[in-house]
Structure formats: structure tokens, C-alpha cells
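> What follows is a structure written as C-alpha cells; I'll ask about it next.
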Amino acid sequence: MNTLKKLAWLSRAGIDECIAETPINRFLPPKTAEKTVSVGISSTVPVTDQDDTLLQQACASADSAATLNDLYRTLDGFESCPLKKTAAHTLTGRGIENKPLVLCIGDVPDTTDEKQALIFSGETGALLDRMLKAIGLSLNKNAYVTNLIPWRPPGKRTPTSAETALCLPFLKKQIALIKPAALLLFGNLPVQTLTGAVSVSKARQQSLFYQNESVSIPLFTTFHPAFVLKMPTHRKFVWEDLQKLQKYLQNNNLL
């Protein structure tokens, strides 16, 4: 009897379920749903019960910082995120700290960043400089750049939702301390975390704002410079996004 005939015979016999190797107790109550932490606009980052204490520690540590230097010292001493234990450096932001026009936010440090102990280094940093210069911005004059995740994940893996949630309070505190006129997000991870959009491709077609209790900041999204280096065909989309940001700054007499 071939496989199809066996399946037909089992179906006629009323056998329509498979028995797993591990028994399932159907009388147990269902598992508690994951908790969520609201961030940015309307997005959420899932956090399980065992992460609650660590998340509270992260929020308290970030809130305790009165200045950007305080925040970075606190972040460097924050041992609760697993990524801190495997990274060589805690890589913080760089640029004009006092109310820059634009705060650029990337995802994670790469291997070159960790070797040089500097985010957006190498070719990626050079392309970022050219992108900003094209619309009248500069890290030396009116812009600042940071990452959502300050530690390079091992093996170039994507940070988990729990790791992202632990880093998020520090990013939100950076935004509050830096007070930029606009945000520019690079790549899917910061876009998904701060906007709830599925991808850069979706988000770049929307009009977005970063909002918390006290501020509402226009938010622009585009592809990460590192991605553009691998996919030069996306340069035209990045240029479109940068022009939108430039137009906003000019229309509001900021640039």
C-alpha cells in the first residue's frame, strides 16, 4: 500500500490527528500573553515576564542621567543586557550634542565600528558624511548620529526583541537630552522599533512623528548607508528621502 492509500485508509477510519513524542496536557491553563512596551509613535516591543525587572532597571538607569555624558557613563556600566557581555566596546553617539538639527539613528555597530571603537566608521561613515553634506548637514556643524543598540551583536546576528527593549530607554533618553529638530532613521530595526512600520520601504511613504509626554518630533526614514553600499540601486530612494528632510528644514527656517 503506497503512502496516499495509507492516508486515505486512515482518514476513513477517523484518524485525523498525529501523536507527538511529548504528551500534551489539555487541562493546563493557556500561557500568559506577552507584555508590550509602548515606544515612539505606536509601536510595541514584546517583553516577557522574566524581562520586566531588567527593563525597569534600564528605565531607571536611563532616567537618572542628567546629561549626555552621564547617560553614556551609565550605559557603559549597564550589565543587564547580554550584548554588553560579548562586545568589546560600548559605542555611543558622536556629532554636535547641543540641539542639532537632525539626530540620525542607526541599528547596531558593525565589525569595523568595534575595531575602531567608533560608530559609522569606515566606508559607511564616509557615505553618511556625503549624504548629510548633500542636504547641508554635517556631524561637525548641525547633526548627530547614534545607534539603537550600543553593542555589536556576536556573529552579526539581529538583536532579540528583549535586547532591543533593554536598549530602548537609553535611546529615548538620548533623544530627550539632545533635543533634535528632526529624526532620521536608518534601517529596519530602528524603523520597526520607533514607528511600528514593517520596513523602511513602508515607513518612507508615510508622514511620521516621534512622540512622548513632552515632545513631538518629525521623523524621516531611509535605508542604512551600509545597505546602500551593497545595493547602489537604492541611492535614488535615499536621495528622495533626504530631499524630504531638507525641504522640511528649509520650510521651517532651520536650514
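Naming scheme: A, B, ... for chains in displayed order of the C-alpha cells; residues 1 onward per chain; ligands 1 onward as shown.
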Would you mind writing down, as an NGL selection string, each residue of region 6-253 of chain A that DSSP on the backbone assigns to alpha helix (DSSP H)?

:A and (6-12 or 52-63 or 68-76 or 82-86 or 111-116 or 122-133 or 161-178 or 188-195 or 200-203 or 225-230 or 235-251)

> Would you write out those residues with C-alpha atoms, as a compact mmCIF listing (two decimals), in the first residue's frame?


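Final output, again.txt:
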```txt
# COMPACT_ATOMS: atom_id res chain seq x y z
CA LYS A 6 -2.44 4.67 3.65
CA LEU A 7 -3.53 8.25 4.32
CA ALA A 8 -6.92 7.62 2.67
CA TRP A 9 -7.42 4.46 4.78
CA LEU A 10 -6.53 6.37 7.98
CA SER A 11 -8.96 9.15 7.06
CA ARG A 12 -11.82 6.70 6.50
CA ASP A 52 10.34 43.02 33.47
CA THR A 53 12.87 43.54 36.24
CA LEU A 54 15.71 44.15 33.80
CA LEU A 55 13.58 46.57 31.82
CA GLN A 56 12.74 48.50 34.98
CA GLN A 57 16.45 48.68 35.76
CA ALA A 58 17.17 50.01 32.27
CA CYS A 59 14.46 52.66 32.55
CA ALA A 60 15.66 53.75 35.99
CA SER A 61 19.29 53.91 34.83
CA ALA A 62 18.41 55.99 31.78
CA ASP A 63 16.11 58.32 33.71
CA LEU A 68 24.53 63.05 27.74
CA ASN A 69 27.87 62.23 29.37
CA ASP A 70 26.03 60.93 32.43
CA LEU A 71 23.89 58.76 30.20
CA TYR A 72 26.87 57.29 28.37
CA ARG A 73 28.66 56.51 31.62
CA THR A 74 25.52 54.83 32.92
CA LEU A 75 25.11 52.90 29.69
CA ASP A 76 28.71 51.68 29.81
CA PRO A 82 23.51 40.17 27.24
CA LEU A 83 25.08 42.06 24.34
CA LYS A 84 27.27 44.03 26.76
CA LYS A 85 28.99 40.81 27.84
CA THR A 86 30.14 39.85 24.33
CA THR A 111 32.79 44.83 12.92
CA THR A 112 34.69 47.89 11.66
CA ASP A 113 32.97 50.09 14.25
CA GLU A 114 34.02 47.77 17.04
CA LYS A 115 37.62 47.60 15.81
CA GLN A 116 37.84 51.40 15.62
CA GLY A 122 34.96 53.24 7.52
CA GLU A 123 33.06 53.30 4.21
CA THR A 124 29.71 53.50 5.98
CA GLY A 125 30.75 56.64 7.82
CA ALA A 126 32.18 58.19 4.67
CA LEU A 127 28.89 57.62 2.85
CA LEU A 128 26.95 59.06 5.79
CA ASP A 129 29.08 62.21 5.63
CA ARG A 130 28.36 62.57 1.91
CA MET A 131 24.64 62.01 2.44
CA LEU A 132 24.45 64.70 5.12
CA LYS A 133 26.61 67.14 3.17
CA SER A 161 13.27 41.82 21.00
CA ALA A 162 14.26 41.62 24.68
CA GLU A 163 17.74 43.07 23.94
CA THR A 164 16.18 45.84 21.88
CA ALA A 165 13.74 46.64 24.68
CA LEU A 166 16.60 46.96 27.18
CA CYS A 167 18.47 49.40 24.92
CA LEU A 168 15.42 51.47 24.03
CA PRO A 169 15.19 53.54 27.26
CA PHE A 170 18.74 54.77 26.68
CA LEU A 171 17.92 55.82 23.12
CA LYS A 172 14.77 57.62 24.24
CA LYS A 173 16.81 59.45 26.88
CA GLN A 174 19.34 60.47 24.21
CA ILE A 175 16.52 61.98 22.16
CA ALA A 176 15.24 63.86 25.22
CA LEU A 177 18.69 65.22 26.08
CA ILE A 178 19.81 66.08 22.54
CA ASN A 188 14.61 48.36 9.53
CA LEU A 189 15.44 47.84 13.21
CA PRO A 190 15.11 51.49 14.37
CA VAL A 191 12.20 51.99 11.98
CA GLN A 192 10.31 49.00 13.35
CA THR A 193 11.12 49.91 16.95
CA LEU A 194 10.23 53.60 16.84
CA THR A 195 7.41 53.62 14.29
CA VAL A 200 11.87 51.15 5.64
CA SER A 201 10.08 50.71 2.31
CA LYS A 202 6.72 51.09 4.07
CA ALA A 203 7.73 53.82 6.51
CA PRO A 225 24.29 53.61 4.43
CA ALA A 226 25.80 50.12 4.86
CA PHE A 227 22.87 48.66 2.92
CA VAL A 228 23.24 51.26 0.19
CA LEU A 229 26.90 50.31 -0.25
CA LYS A 230 25.74 46.77 -1.03
CA ARG A 235 20.72 55.50 -3.80
CA LYS A 236 17.85 57.15 -5.68
CA PHE A 237 15.43 56.29 -2.87
CA VAL A 238 17.83 57.63 -0.24
CA TRP A 239 18.17 60.86 -2.20
CA GLU A 240 14.37 61.22 -2.32
CA ASP A 241 14.19 60.73 1.46
CA LEU A 242 16.99 63.20 2.13
CA GLN A 243 15.28 65.80 -0.03
CA LYS A 244 12.10 65.43 2.06
CA LEU A 245 14.13 66.10 5.19
CA GLN A 246 15.90 69.06 3.59
CA LYS A 247 12.57 70.53 2.47
CA TYR A 248 11.18 70.27 5.99
CA LEU A 249 14.22 72.00 7.48
CA GLN A 250 14.13 74.77 4.87
CA ASN A 251 10.37 75.34 5.13
```

> DSSP on the backbone: what in region 38-156 of chain A comes out strand (DSSP E or B), as number ranges by chain?

A: 38-39, 43-47, 94-95, 102-106, 143-147

> Please indicate the distance in Å from CA of Asn212 (chain A) to CA of Leu103 (chain A), rounded to one decimal place.

16.1 Å

> Pick the closest to Tyr210 (chain A) from A:Ala65, A:Leu91, A:Ala181, A:Ala117: which is it, counting only C-alpha atoms?

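The shortest atom-to-atom distance to Tyr210 (chain A) comes from A:Ala181.
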
> Smallest atom-to-atom distance to Pro180 (chain A): which of A:Gly95, A:Pro159, A:Pro232, A:Gly196, using only C-alpha atoms?

A:Gly95

> Can you list, as a PDB file with N, CA and C atoms, in the first residue's frame, every protein, DNA or RNA residue that comes within 8 Å of region 216-219 of chain A when you count only C-alpha atoms, leaving out same-chain residues fewer than 5 positions away?


```
ATOM      1  N   PRO A 180      16.714  67.168  19.178  1.00  0.00           N
ATOM      2  CA  PRO A 180      16.877  67.498  17.759  1.00  0.00           C
ATOM      3  C   PRO A 180      15.599  68.099  17.161  1.00  0.00           C
ATOM      4  N   ALA A 181      15.760  68.788  16.049  1.00  0.00           N
ATOM      5  CA  ALA A 181      14.593  69.319  15.341  1.00  0.00           C
ATOM      6  C   ALA A 181      13.906  68.234  14.521  1.00  0.00           C
ATOM      7  N   ALA A 182      14.669  67.208  14.142  1.00  0.00           N
ATOM      8  CA  ALA A 182      14.107  66.110  13.345  1.00  0.00           C
ATOM      9  C   ALA A 182      14.926  64.848  13.593  1.00  0.00           C
ATOM     10  N   LEU A 183      14.304  63.718  13.354  1.00  0.00           N
ATOM     11  CA  LEU A 183      14.972  62.424  13.457  1.00  0.00           C
ATOM     12  C   LEU A 183      15.079  61.806  12.069  1.00  0.00           C
ATOM     13  N   LEU A 184      16.203  61.141  11.818  1.00  0.00           N
ATOM     14  CA  LEU A 184      16.399  60.414  10.568  1.00  0.00           C
ATOM     15  C   LEU A 184      16.805  58.990  10.926  1.00  0.00           C
ATOM     16  N   LEU A 185      15.938  58.029  10.631  1.00  0.00           N
ATOM     17  CA  LEU A 185      16.189  56.636  10.989  1.00  0.00           C
ATOM     18  C   LEU A 185      16.775  55.874   9.813  1.00  0.00           C
ATOM     19  N   SER A 207       3.988  59.945   6.647  1.00  0.00           N
ATOM     20  CA  SER A 207       4.350  61.127   7.413  1.00  0.00           C
ATOM     21  C   SER A 207       4.335  60.722   8.885  1.00  0.00           C
ATOM     22  N   LEU A 208       5.498  60.756   9.535  1.00  0.00           N
ATOM     23  CA  LEU A 208       5.628  60.183  10.866  1.00  0.00           C
ATOM     24  C   LEU A 208       6.174  61.188  11.876  1.00  0.00           C
ATOM     25  N   PHE A 209       5.836  60.950  13.135  1.00  0.00           N
ATOM     26  CA  PHE A 209       6.357  61.769  14.228  1.00  0.00           C
ATOM     27  C   PHE A 209       6.752  60.868  15.390  1.00  0.00           C
ATOM     28  N   TYR A 210       7.836  61.242  16.048  1.00  0.00           N
ATOM     29  CA  TYR A 210       8.207  60.596  17.301  1.00  0.00           C
ATOM     30  C   TYR A 210       7.561  61.394  18.415  1.00  0.00           C
ATOM     31  N   GLN A 211       6.817  60.721  19.283  1.00  0.00           N
ATOM     32  CA  GLN A 211       6.085  61.424  20.330  1.00  0.00           C
ATOM     33  C   GLN A 211       6.326  60.778  21.686  1.00  0.00           C
TER      34      GLN A 211
END
```

> Looking at A:Leu118, A:Val215, A:Ile105, A:Met231, which one is nearest to Leu148 (chain A), with distances taken over only C-alpha atoms?

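Using only C-alpha atoms, the shortest distance to Leu148 (chain A) belongs to A:Ile105.
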
> Please compute the CA of Asn147 (chain A)-CA of Gly93 (chain A) distance, one decimal, in Å.

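Those two atoms sit 7.0 Å apart.
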
> Tell me, in Å to one decimal, how far CA of Leu139 (chain A) is from CA of His234 (chain A).

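Answer for the CA of Leu139 (chain A) to CA of His234 (chain A) separation: 23.1 Å.
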